[in-house]
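Engineer: Dropping the structure in here first, questions after.
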Amino acid sequence: MIIQILLVEDNEIDRESIRRMLGETYVVTEAATGNEARVLLAENKFDLALLDYRLPDVDGKELVAEVLAYDIPVIMLTIEDSPAIIIKTLRAGAHDYILKHTYSEQRLKQSIENTLAHRRLQRETEAQQKRLLAQNEQIRQLASHLTLAEQRERRRIAQILHDNVQQMLHSVQMHVVIMRAELARIGVVSAEIDGQINEMEALLSETLEATRSLNVELSPPLLRGQSLPHALHWLASHMQQRHRLKVQVSIAESIPTINEDLSVLIFQLARELLFNVVKHADILEATVTLSNKDEVLGISVTDRGKGFDVARLEQLPDEHMGLRDLVRRVALLGGSFEIVSKIDEGTSATIYIPNNTR
Amino acid sequence: MIQMAIPTPHAAKLFVVEDHPAMQRAYRDLFNRQPDLTVCGIVESAELALQQIPEIQPDIAIIDVSLKMMNGIELVRQLKSRLPELRTLIISGHERTAFADTAQQAGADGYVMKMDTRYILVAIRQILETGTYWSETDAT
């Protein structure tokens, strides 16, 4: 590889001797003044610059800054030996500072090689960092797709359970009713048959109940085409019936359309947070609020129950895993989680999610 | 095979809207066994129901809440606006109260749970005789 070096030196003899030292190993382009150097910098690409500090037309400090601005490493080669200037120049970003009256060919070449090696490493690190960032982004996207795909799959299974399995079970239930009536009509009376039919009916009810709760667990029972606010109102009445929790639902007027994947996630978050109120808050009232600000949706659940010490949130026992999983999914979608709680004053948990999930 | 009861001349005419074939057969078997009821049509979609019901003029339409394309509640709304005299019963496979309120608001005359098989007949007869039937909506 050909290494291009810019040499800025106003003393012709010095220039001559440096050129002789380096000319066989590198391509050396010479400038006798700062302004000449500027022209060369604008028109060429250099791998390194060797600069004199004392130039007739340009202040050394300025030229160092200009060369560094081109992202070219700088080695000073000068008679300027004021410690203050040396320190300042090195701090400004020069790679090395060599005093003319002490330097040797070996010292200069070593400095050039070190500087070039340092620069190569720096470039590699930057490229690696870029790759890492891109990979991180890819992983985040994959995880986000994965969580949405899982939701779709849950919905698909729930749909099959409801549209097919449950319908067939209901049909069997009806045939059992018909059979019982028919047996009575033709006069077959037997405690044994009666007992068998009762058992069938009980088993059918149990099976239906099991598929029904599996269905609710897999995917909230949103009627096709119903909106999230509607589903939250349904959730409120469901919580009251099942858990005697009185839930007030407050929905901002500015709620935009929310796609189904996100609706389901928000619904699950609200449900999980309400379960927490039932289990831990020691109160039977809560408020669910759905808000929207700058394309970010907020879902919060607030209670005036017994509260807890937020500092201990990290050591939550496993029973909170459901919420923890959901919060992780929210993070993957670029959202955040906020919880405020005070002992005996209640808890307010809010989750923010950008409304741009495809 | 189920032996069919011969419908009396004044048997009430039932029109069933249900998209699952097994449920269609079960409804037909159950309703046609009743001397006071007769099935005059079974379709799988709201669209077909809207086409056929005005022609057939049943006494009551038995409508499943979850239909594809247009749901049962929307179907009730459209039927009621065209045929105010038609009685409608919504049958729901969902949780108890899930759609009772919206069914009532849409103009349905009754709401019954699919799992309460025996009450389906009770609901139909009560609507035909006294006007309405609303399934027990408290949680069990």
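If you're wondering about the labels, chains in the structure tokens are A, B, ... by order shown, residues count from 1 in each chain, ligands from 1 in order shown.
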Chain B near chain A within 7 Å: what's each residue's closest atom pair and its distance in Å to one decimal, counting only C-alpha atoms, ordered by chain then ascending residue number, as JSON lines?

Structural biologist:
```
{"residue": "B:His20", "atom": "CA", "partner": "A:Gln167", "partner_atom": "CA", "distance": 6.8}
{"residue": "B:Ala22", "atom": "CA", "partner": "A:Ser171", "partner_atom": "CA", "distance": 6.0}
{"residue": "B:Met23", "atom": "CA", "partner": "A:Ser171", "partner_atom": "CA", "distance": 5.0}
{"residue": "B:Ala26", "atom": "CA", "partner": "A:Ser171", "partner_atom": "CA", "distance": 5.5}
{"residue": "B:Leu30", "atom": "CA", "partner": "A:Ile178", "partner_atom": "CA", "distance": 6.1}
{"residue": "B:Ala98", "atom": "CA", "partner": "A:Trp234", "partner_atom": "CA", "distance": 6.7}
{"residue": "B:Lys114", "atom": "CA", "partner": "A:His170", "partner_atom": "CA", "distance": 6.9}
{"residue": "B:Met115", "atom": "CA", "partner": "A:His170", "partner_atom": "CA", "distance": 6.5}
{"residue": "B:Thr117", "atom": "CA", "partner": "A:Met174", "partner_atom": "CA", "distance": 6.1}
{"residue": "B:Ala139", "atom": "CA", "partner": "A:Gln241", "partner_atom": "CA", "distance": 5.9}
```

Engineer: Could you tell me, as a PDB file with N, CA and C atoms, in the first residue's frame, which residues of stretch 12-109 of chain B DSSP assigns to strand (DSSP E) when given the backbone?

Structural biologist:
```pdb
ATOM      1  N   ALA B  12     -94.735 -22.095  14.996  1.00  0.00           N
ATOM      2  CA  ALA B  12     -93.988 -20.858  14.721  1.00  0.00           C
ATOM      3  C   ALA B  12     -92.823 -21.156  13.774  1.00  0.00           C
ATOM      4  N   LYS B  13     -92.577 -20.233  12.845  1.00  0.00           N
ATOM      5  CA  LYS B  13     -91.513 -20.439  11.854  1.00  0.00           C
ATOM      6  C   LYS B  13     -90.196 -19.821  12.350  1.00  0.00           C
ATOM      7  N   LEU B  14     -89.178 -20.684  12.425  1.00  0.00           N
ATOM      8  CA  LEU B  14     -87.858 -20.255  12.900  1.00  0.00           C
ATOM      9  C   LEU B  14     -86.881 -20.141  11.735  1.00  0.00           C
ATOM     10  N   PHE B  15     -86.095 -19.068  11.719  1.00  0.00           N
ATOM     11  CA  PHE B  15     -85.033 -18.924  10.716  1.00  0.00           C
ATOM     12  C   PHE B  15     -83.712 -18.864  11.483  1.00  0.00           C
ATOM     13  N   VAL B  16     -82.758 -19.758  11.120  1.00  0.00           N
ATOM     14  CA  VAL B  16     -81.518 -19.871  11.888  1.00  0.00           C
ATOM     15  C   VAL B  16     -80.326 -19.303  11.098  1.00  0.00           C
ATOM     16  N   VAL B  17     -79.552 -18.451  11.746  1.00  0.00           N
ATOM     17  CA  VAL B  17     -78.315 -17.935  11.129  1.00  0.00           C
ATOM     18  C   VAL B  17     -77.145 -18.421  11.980  1.00  0.00           C
ATOM     19  N   LEU B  37     -92.835 -25.686  16.936  1.00  0.00           N
ATOM     20  CA  LEU B  37     -91.813 -24.917  16.201  1.00  0.00           C
ATOM     21  C   LEU B  37     -91.466 -25.631  14.902  1.00  0.00           C
ATOM     22  N   THR B  38     -91.085 -24.849  13.876  1.00  0.00           N
ATOM     23  CA  THR B  38     -90.592 -25.472  12.649  1.00  0.00           C
ATOM     24  C   THR B  38     -89.504 -24.597  12.029  1.00  0.00           C
ATOM     25  N   VAL B  39     -88.460 -25.239  11.526  1.00  0.00           N
ATOM     26  CA  VAL B  39     -87.374 -24.483  10.917  1.00  0.00           C
ATOM     27  C   VAL B  39     -87.734 -24.198   9.459  1.00  0.00           C
ATOM     28  N   CYS B  40     -87.785 -22.925   9.090  1.00  0.00           N
ATOM     29  CA  CYS B  40     -88.156 -22.588   7.721  1.00  0.00           C
ATOM     30  C   CYS B  40     -86.938 -22.166   6.901  1.00  0.00           C
ATOM     31  N   GLY B  41     -85.772 -22.115   7.544  1.00  0.00           N
ATOM     32  CA  GLY B  41     -84.559 -21.773   6.797  1.00  0.00           C
ATOM     33  C   GLY B  41     -83.338 -21.742   7.704  1.00  0.00           C
ATOM     34  N   ILE B  42     -82.216 -22.205   7.160  1.00  0.00           N
ATOM     35  CA  ILE B  42     -80.951 -22.095   7.896  1.00  0.00           C
ATOM     36  C   ILE B  42     -79.895 -21.566   6.933  1.00  0.00           C
ATOM     37  N   VAL B  43     -79.237 -20.481   7.298  1.00  0.00           N
ATOM     38  CA  VAL B  43     -78.151 -19.958   6.449  1.00  0.00           C
ATOM     39  C   VAL B  43     -76.911 -19.734   7.295  1.00  0.00           C
ATOM     40  N   ILE B  60     -89.523 -15.754  13.944  1.00  0.00           N
ATOM     41  CA  ILE B  60     -88.373 -15.370  14.769  1.00  0.00           C
ATOM     42  C   ILE B  60     -87.067 -15.784  14.080  1.00  0.00           C
ATOM     43  N   ALA B  61     -86.053 -14.936  14.199  1.00  0.00           N
ATOM     44  CA  ALA B  61     -84.724 -15.285  13.676  1.00  0.00           C
ATOM     45  C   ALA B  61     -83.812 -15.600  14.858  1.00  0.00           C
ATOM     46  N   ILE B  62     -83.169 -16.782  14.778  1.00  0.00           N
ATOM     47  CA  ILE B  62     -82.231 -17.214  15.815  1.00  0.00           C
ATOM     48  C   ILE B  62     -80.830 -16.933  15.257  1.00  0.00           C
ATOM     49  N   ILE B  63     -80.097 -16.031  15.891  1.00  0.00           N
ATOM     50  CA  ILE B  63     -78.856 -15.528  15.269  1.00  0.00           C
ATOM     51  C   ILE B  63     -77.647 -15.732  16.177  1.00  0.00           C
ATOM     52  N   ASP B  64     -76.629 -16.391  15.627  1.00  0.00           N
ATOM     53  CA  ASP B  64     -75.385 -16.555  16.380  1.00  0.00           C
ATOM     54  C   ASP B  64     -74.636 -15.224  16.407  1.00  0.00           C
ATOM     55  N   ARG B  87     -89.183 -10.962  15.231  1.00  0.00           N
ATOM     56  CA  ARG B  87     -88.565 -11.194  16.531  1.00  0.00           C
ATOM     57  C   ARG B  87     -87.160 -11.767  16.320  1.00  0.00           C
ATOM     58  N   THR B  88     -86.208 -11.380  17.178  1.00  0.00           N
ATOM     59  CA  THR B  88     -84.830 -11.880  17.025  1.00  0.00           C
ATOM     60  C   THR B  88     -84.284 -12.358  18.370  1.00  0.00           C
ATOM     61  N   LEU B  89     -83.549 -13.473  18.313  1.00  0.00           N
ATOM     62  CA  LEU B  89     -82.881 -13.993  19.516  1.00  0.00           C
ATOM     63  C   LEU B  89     -81.396 -14.159  19.195  1.00  0.00           C
ATOM     64  N   ILE B  90     -80.558 -13.530  19.999  1.00  0.00           N
ATOM     65  CA  ILE B  90     -79.105 -13.674  19.828  1.00  0.00           C
ATOM     66  C   ILE B  90     -78.625 -14.840  20.683  1.00  0.00           C
ATOM     67  N   ILE B  91     -77.850 -15.736  20.059  1.00  0.00           N
ATOM     68  CA  ILE B  91     -77.249 -16.827  20.827  1.00  0.00           C
ATOM     69  C   ILE B  91     -75.748 -16.598  20.874  1.00  0.00           C
ATOM     70  N   SER B  92     -75.197 -16.605  22.109  1.00  0.00           N
ATOM     71  CA  SER B  92     -73.786 -16.243  22.257  1.00  0.00           C
ATOM     72  C   SER B  92     -72.967 -17.374  22.855  1.00  0.00           C
TER      73      SER B  92
END
```

Engineer: Write down as a PyMOL selection string the residues of stretch 115-249 of chain A whose backbone DSSP state falls under alpha helix (DSSP H).

Structural biologist: chain A and resi 115-160+166-185+191-218+228-243

Engineer: Env of A:Tyr26: 8 Å cut, atoms = only C-alpha atoms, seq-sep filter 3 positions within chain, self excluded. Answer as a list in words.

Structural biologist: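 Within the cut-off, the hits are Ile2, Ile3, Gln4, Ile5, Leu22 and Gly23 of chain A.
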
Engineer: If you measure from atom CA of B:Ile127 to atom CA of B:His10, what distance in Å do you get, rounded to one decimal?

Structural biologist: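 Going from atom CA of B:Ile127 over to atom CA of B:His10, I get 16.1 Å.
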
Engineer: Please identify all polymer residues within 10 Å of A:Ile86, counting only C-alpha atoms, omitting same-chain residues fewer than 4 positions from it, and present them as a list in words.

Structural biologist: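 Near neighbours after the sequence-gap exclusion: Tyr53, Met76, Glu80, Asp81, Ser82, Leu90, Arg91, Ala92, Ala94, Asp96, Tyr97, Ile98 and Leu99 of chain A.
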
Engineer: Give me, please, the distance in Å between atom CA of A:Glu113 and atom CA of A:Asp47, quoted to one decimal.

Structural biologist: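 Between atom CA of A:Glu113 and atom CA of A:Asp47 the gap works out to 11.2 Å.
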
Engineer: Which is closer to B:Asp116 than all the others in A:Glu201, A:Asp325, A:Glu124, A:Thr33, using only C-alpha atoms?

Structural biologist: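 Selected residue with least distance to B:Asp116: A:Glu201.
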
Engineer: Find, counting only C-alpha atoms, the residue in A:Thr347, A:Asn198, A:Asn215, A:Gln128 that gets nearest to A:Arg304.

Structural biologist: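 Closest to A:Arg304, using only C-alpha atoms: A:Thr347.
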
Engineer: From the list B:Ile124, B:Ala103, B:Leu83, B:Leu48, which residue is nearest B:Lys68 when using only C-alpha atoms?

Structural biologist: B:Leu48

Engineer: Tell me, as a list in words, which residues lie within 12 Å of B:Gln78, counting only C-alpha atoms; anything in the same chain fewer than 3 positions away does not count.

Structural biologist: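 Counting only C-alpha atoms, the residues come to Ala46, Glu47, Ala49, Leu50, Gln51, Ile53, Pro54, Met70, Asn71, Gly72, Ile73, Glu74, Leu75, Ser81, Arg82, Leu83, Pro84, Leu86, Thr88, Ala106, Gly107 and Ala108 of chain B.
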
Engineer: Generate a file of the selected residues that holds N, CA, C and O atoms, formatted as a JSON list (two decimals), in the first residue's frame.

Structural biologist:
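Contents of again.json, freshly written:
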```
[["chain", "number", "residue", "atom", "x", "y", "z"],
["B", 46, "ALA", "N", -74.76, -13.52, 7.42],
["B", 46, "ALA", "CA", -75.68, -12.39, 7.55],
["B", 46, "ALA", "C", -76.20, -11.96, 6.18],
["B", 46, "ALA", "O", -77.37, -11.60, 6.03],
["B", 47, "GLU", "N", -75.32, -12.03, 5.18],
["B", 47, "GLU", "CA", -75.71, -11.61, 3.82],
["B", 47, "GLU", "C", -76.88, -12.46, 3.33],
["B", 47, "GLU", "O", -77.87, -11.93, 2.82],
["B", 49, "ALA", "N", -78.93, -14.20, 5.13],
["B", 49, "ALA", "CA", -80.09, -13.96, 5.99],
["B", 49, "ALA", "C", -80.84, -12.72, 5.50],
["B", 49, "ALA", "O", -82.07, -12.72, 5.40],
["B", 50, "LEU", "N", -80.10, -11.66, 5.15],
["B", 50, "LEU", "CA", -80.75, -10.42, 4.70],
["B", 50, "LEU", "C", -81.48, -10.63, 3.37],
["B", 50, "LEU", "O", -82.49, -9.98, 3.10],
["B", 51, "GLN", "N", -80.97, -11.56, 2.55],
["B", 51, "GLN", "CA", -81.65, -11.85, 1.28],
["B", 51, "GLN", "C", -82.93, -12.64, 1.50],
["B", 51, "GLN", "O", -83.96, -12.37, 0.92],
["B", 53, "ILE", "N", -84.66, -13.68, 4.55],
["B", 53, "ILE", "CA", -85.66, -13.45, 5.60],
["B", 53, "ILE", "C", -86.87, -12.62, 5.12],
["B", 53, "ILE", "O", -88.01, -12.98, 5.38],
["B", 54, "PRO", "N", -86.67, -11.54, 4.37],
["B", 54, "PRO", "CA", -87.84, -10.76, 3.92],
["B", 54, "PRO", "C", -88.79, -11.59, 3.06],
["B", 54, "PRO", "O", -90.02, -11.40, 3.12],
["B", 70, "MET", "N", -70.13, -9.98, 8.66],
["B", 70, "MET", "CA", -70.95, -9.11, 9.49],
["B", 70, "MET", "C", -71.36, -9.91, 10.73],
["B", 70, "MET", "O", -71.81, -11.04, 10.62],
["B", 71, "ASN", "N", -71.17, -9.33, 11.93],
["B", 71, "ASN", "CA", -71.52, -10.10, 13.12],
["B", 71, "ASN", "C", -73.02, -10.09, 13.39],
["B", 71, "ASN", "O", -73.79, -9.33, 12.81],
["B", 72, "GLY", "N", -73.43, -10.98, 14.31],
["B", 72, "GLY", "CA", -74.85, -11.19, 14.59],
["B", 72, "GLY", "C", -75.57, -9.94, 15.06],
["B", 72, "GLY", "O", -76.74, -9.72, 14.72],
["B", 73, "ILE", "N", -74.86, -9.12, 15.83],
["B", 73, "ILE", "CA", -75.51, -7.93, 16.38],
["B", 73, "ILE", "C", -75.81, -6.90, 15.29],
["B", 73, "ILE", "O", -76.88, -6.30, 15.24],
["B", 74, "GLU", "N", -74.86, -6.76, 14.35],
["B", 74, "GLU", "CA", -75.09, -5.86, 13.23],
["B", 74, "GLU", "C", -76.24, -6.38, 12.37],
["B", 74, "GLU", "O", -77.06, -5.61, 11.86],
["B", 75, "LEU", "N", -76.33, -7.70, 12.24],
["B", 75, "LEU", "CA", -77.42, -8.29, 11.46],
["B", 75, "LEU", "C", -78.77, -7.95, 12.09],
["B", 75, "LEU", "O", -79.72, -7.58, 11.40],
["B", 81, "SER", "N", -84.33, -2.68, 11.24],
["B", 81, "SER", "CA", -84.67, -1.46, 10.52],
["B", 81, "SER", "C", -85.54, -1.77, 9.30],
["B", 81, "SER", "O", -86.34, -0.95, 8.88],
["B", 82, "ARG", "N", -85.39, -2.99, 8.76],
["B", 82, "ARG", "CA", -86.21, -3.33, 7.59],
["B", 82, "ARG", "C", -87.52, -4.01, 7.99],
["B", 82, "ARG", "O", -88.54, -3.84, 7.34],
["B", 83, "LEU", "N", -87.44, -4.88, 9.02],
["B", 83, "LEU", "CA", -88.62, -5.66, 9.41],
["B", 83, "LEU", "C", -88.86, -5.49, 10.92],
["B", 83, "LEU", "O", -88.51, -6.36, 11.71],
["B", 84, "PRO", "N", -89.45, -4.38, 11.31],
["B", 84, "PRO", "CA", -89.61, -4.10, 12.75],
["B", 84, "PRO", "C", -90.42, -5.18, 13.48],
["B", 84, "PRO", "O", -90.26, -5.37, 14.67],
["B", 86, "LEU", "N", -90.29, -8.42, 13.01],
["B", 86, "LEU", "CA", -89.57, -9.69, 13.17],
["B", 86, "LEU", "C", -88.97, -9.79, 14.57],
["B", 86, "LEU", "O", -88.34, -8.87, 15.05],
["B", 88, "THR", "N", -86.21, -11.38, 17.18],
["B", 88, "THR", "CA", -84.83, -11.88, 17.02],
["B", 88, "THR", "C", -84.28, -12.36, 18.37],
["B", 88, "THR", "O", -84.51, -11.73, 19.40],
["B", 106, "ALA", "N", -79.03, -2.99, 19.97],
["B", 106, "ALA", "CA", -79.24, -3.19, 18.53],
["B", 106, "ALA", "C", -80.70, -3.53, 18.22],
["B", 106, "ALA", "O", -81.11, -3.52, 17.07],
["B", 107, "GLY", "N", -81.49, -3.84, 19.27],
["B", 107, "GLY", "CA", -82.90, -4.11, 19.05],
["B", 107, "GLY", "C", -83.30, -5.58, 19.15],
["B", 107, "GLY", "O", -84.42, -5.96, 18.81],
["B", 108, "ALA", "N", -82.38, -6.43, 19.65],
["B", 108, "ALA", "CA", -82.71, -7.85, 19.79],
["B", 108, "ALA", "C", -83.80, -8.02, 20.84],
["B", 108, "ALA", "O", -83.92, -7.22, 21.76]]
```

Engineer: Can you tell me, as a list in words, what residues are no more than 12 Å from A:His280 when counting only C-alpha atoms, ignoring any on the same chain fewer than 2 positions away?

Structural biologist: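 The residues that qualify are Leu273, Leu274, Phe275, Asn276, Val277, Val278, Asp282, Ile283, Leu284, Asp303, Arg304, Gly305, Lys306, Gly307, Phe308, Glu319, His320, Ile343, Asp344, Gly346 and Thr347 of chain A.
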
Engineer: Based on the selection just made, write N, CA, C and O atoms of those residues as a tab-separated table (two decimals), in the first residue's frame.

Structural biologist:
```tsv
chain	number	residue	atom	x	y	z
A	273	LEU	N	-52.09	-5.77	34.91
A	273	LEU	CA	-51.98	-4.76	35.96
A	273	LEU	C	-53.19	-4.82	36.89
A	273	LEU	O	-53.07	-4.65	38.11
A	274	LEU	N	-54.38	-5.08	36.33
A	274	LEU	CA	-55.58	-5.18	37.17
A	274	LEU	C	-55.50	-6.43	38.06
A	274	LEU	O	-55.91	-6.39	39.22
A	275	PHE	N	-54.95	-7.51	37.52
A	275	PHE	CA	-54.75	-8.71	38.35
A	275	PHE	C	-53.87	-8.37	39.54
A	275	PHE	O	-54.09	-8.84	40.66
A	276	ASN	N	-52.84	-7.57	39.30
A	276	ASN	CA	-51.96	-7.17	40.39
A	276	ASN	C	-52.70	-6.40	41.47
A	276	ASN	O	-52.43	-6.56	42.65
A	277	VAL	N	-53.64	-5.55	41.03
A	277	VAL	CA	-54.44	-4.81	42.01
A	277	VAL	C	-55.23	-5.81	42.85
A	277	VAL	O	-55.25	-5.75	44.09
A	278	VAL	N	-55.86	-6.79	42.17
A	278	VAL	CA	-56.67	-7.79	42.88
A	278	VAL	C	-55.80	-8.55	43.89
A	278	VAL	O	-56.17	-8.76	45.04
A	282	ASP	N	-55.09	-4.90	47.99
A	282	ASP	CA	-55.98	-4.96	49.13
A	282	ASP	C	-57.07	-3.88	49.04
A	282	ASP	O	-57.40	-3.22	50.01
A	283	ILE	N	-57.58	-3.70	47.82
A	283	ILE	CA	-58.66	-2.73	47.60
A	283	ILE	C	-59.45	-3.22	46.40
A	283	ILE	O	-58.91	-3.96	45.57
A	284	LEU	N	-60.72	-2.84	46.30
A	284	LEU	CA	-61.53	-3.38	45.21
A	284	LEU	C	-61.96	-2.29	44.23
A	284	LEU	O	-63.03	-2.36	43.65
A	303	ASP	N	-54.52	2.58	41.60
A	303	ASP	CA	-55.39	2.21	42.73
A	303	ASP	C	-54.97	3.00	43.96
A	303	ASP	O	-53.89	3.57	44.00
A	304	ARG	N	-55.86	3.02	44.93
A	304	ARG	CA	-55.54	3.71	46.19
A	304	ARG	C	-55.34	2.68	47.29
A	304	ARG	O	-55.67	2.91	48.45
A	305	GLY	N	-54.78	1.55	46.91
A	305	GLY	CA	-54.60	0.45	47.86
A	305	GLY	C	-53.38	0.61	48.74
A	305	GLY	O	-52.91	1.73	48.96
A	306	LYS	N	-52.84	-0.53	49.19
A	306	LYS	CA	-51.82	-0.43	50.24
A	306	LYS	C	-50.42	-0.08	49.72
A	306	LYS	O	-49.53	0.23	50.50
A	307	GLY	N	-50.23	-0.12	48.39
A	307	GLY	CA	-48.95	0.31	47.83
A	307	GLY	C	-47.79	-0.59	48.23
A	307	GLY	O	-47.96	-1.56	48.96
A	308	PHE	N	-46.60	-0.27	47.74
A	308	PHE	CA	-45.41	-1.04	48.12
A	308	PHE	C	-44.16	-0.19	47.91
A	308	PHE	O	-44.23	0.91	47.38
A	319	GLU	N	-44.31	-14.65	40.97
A	319	GLU	CA	-45.72	-14.48	40.61
A	319	GLU	C	-45.93	-13.25	39.71
A	319	GLU	O	-46.96	-13.09	39.10
A	320	HIS	N	-44.91	-12.40	39.65
A	320	HIS	CA	-45.05	-11.22	38.78
A	320	HIS	C	-44.46	-11.45	37.39
A	320	HIS	O	-44.30	-10.53	36.63
A	343	ILE	N	-46.38	3.39	50.23
A	343	ILE	CA	-47.06	2.52	51.19
A	343	ILE	C	-48.28	3.24	51.76
A	343	ILE	O	-48.20	4.41	52.15
A	344	ASP	N	-49.41	2.54	51.72
A	344	ASP	CA	-50.71	3.05	52.20
A	344	ASP	C	-51.32	4.15	51.34
A	344	ASP	O	-52.34	4.72	51.70
A	346	GLY	N	-51.26	3.83	47.64
A	346	GLY	CA	-51.66	3.28	46.36
A	346	GLY	C	-50.54	3.20	45.35
A	346	GLY	O	-49.41	3.59	45.61
A	347	THR	N	-50.92	2.68	44.18
A	347	THR	CA	-49.94	2.43	43.13
A	347	THR	C	-50.47	2.94	41.81
A	347	THR	O	-51.67	2.86	41.55
```

Engineer: Write out as a PyMOL selection string which residues come within 6 Å of A:Ala31 when counting only C-alpha atoms, dropping same-chain ones fewer than 4 positions away.

Structural biologist: chain A and resi 8+36-37

Engineer: Given the selection you just returned, output its residues as a file containing N, CA and C atoms, formatted as a PDB file, in the first residue's frame.

Structural biologist:
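Wrote selection_34.pdb, looks like this:
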```pdb
ATOM      1  N   VAL A   8       4.995  19.643   5.817  1.00  0.00           N
ATOM      2  CA  VAL A   8       4.913  21.101   5.825  1.00  0.00           C
ATOM      3  C   VAL A   8       6.117  21.632   6.607  1.00  0.00           C
ATOM      4  N   GLU A  36       0.187  26.918   1.203  1.00  0.00           N
ATOM      5  CA  GLU A  36       0.444  25.835   0.246  1.00  0.00           C
ATOM      6  C   GLU A  36      -0.151  24.531   0.757  1.00  0.00           C
ATOM      7  N   ALA A  37       0.058  24.312   2.065  1.00  0.00           N
ATOM      8  CA  ALA A  37      -0.487  23.094   2.681  1.00  0.00           C
ATOM      9  C   ALA A  37      -2.002  23.036   2.529  1.00  0.00           C
TER      10      ALA A  37
END
```
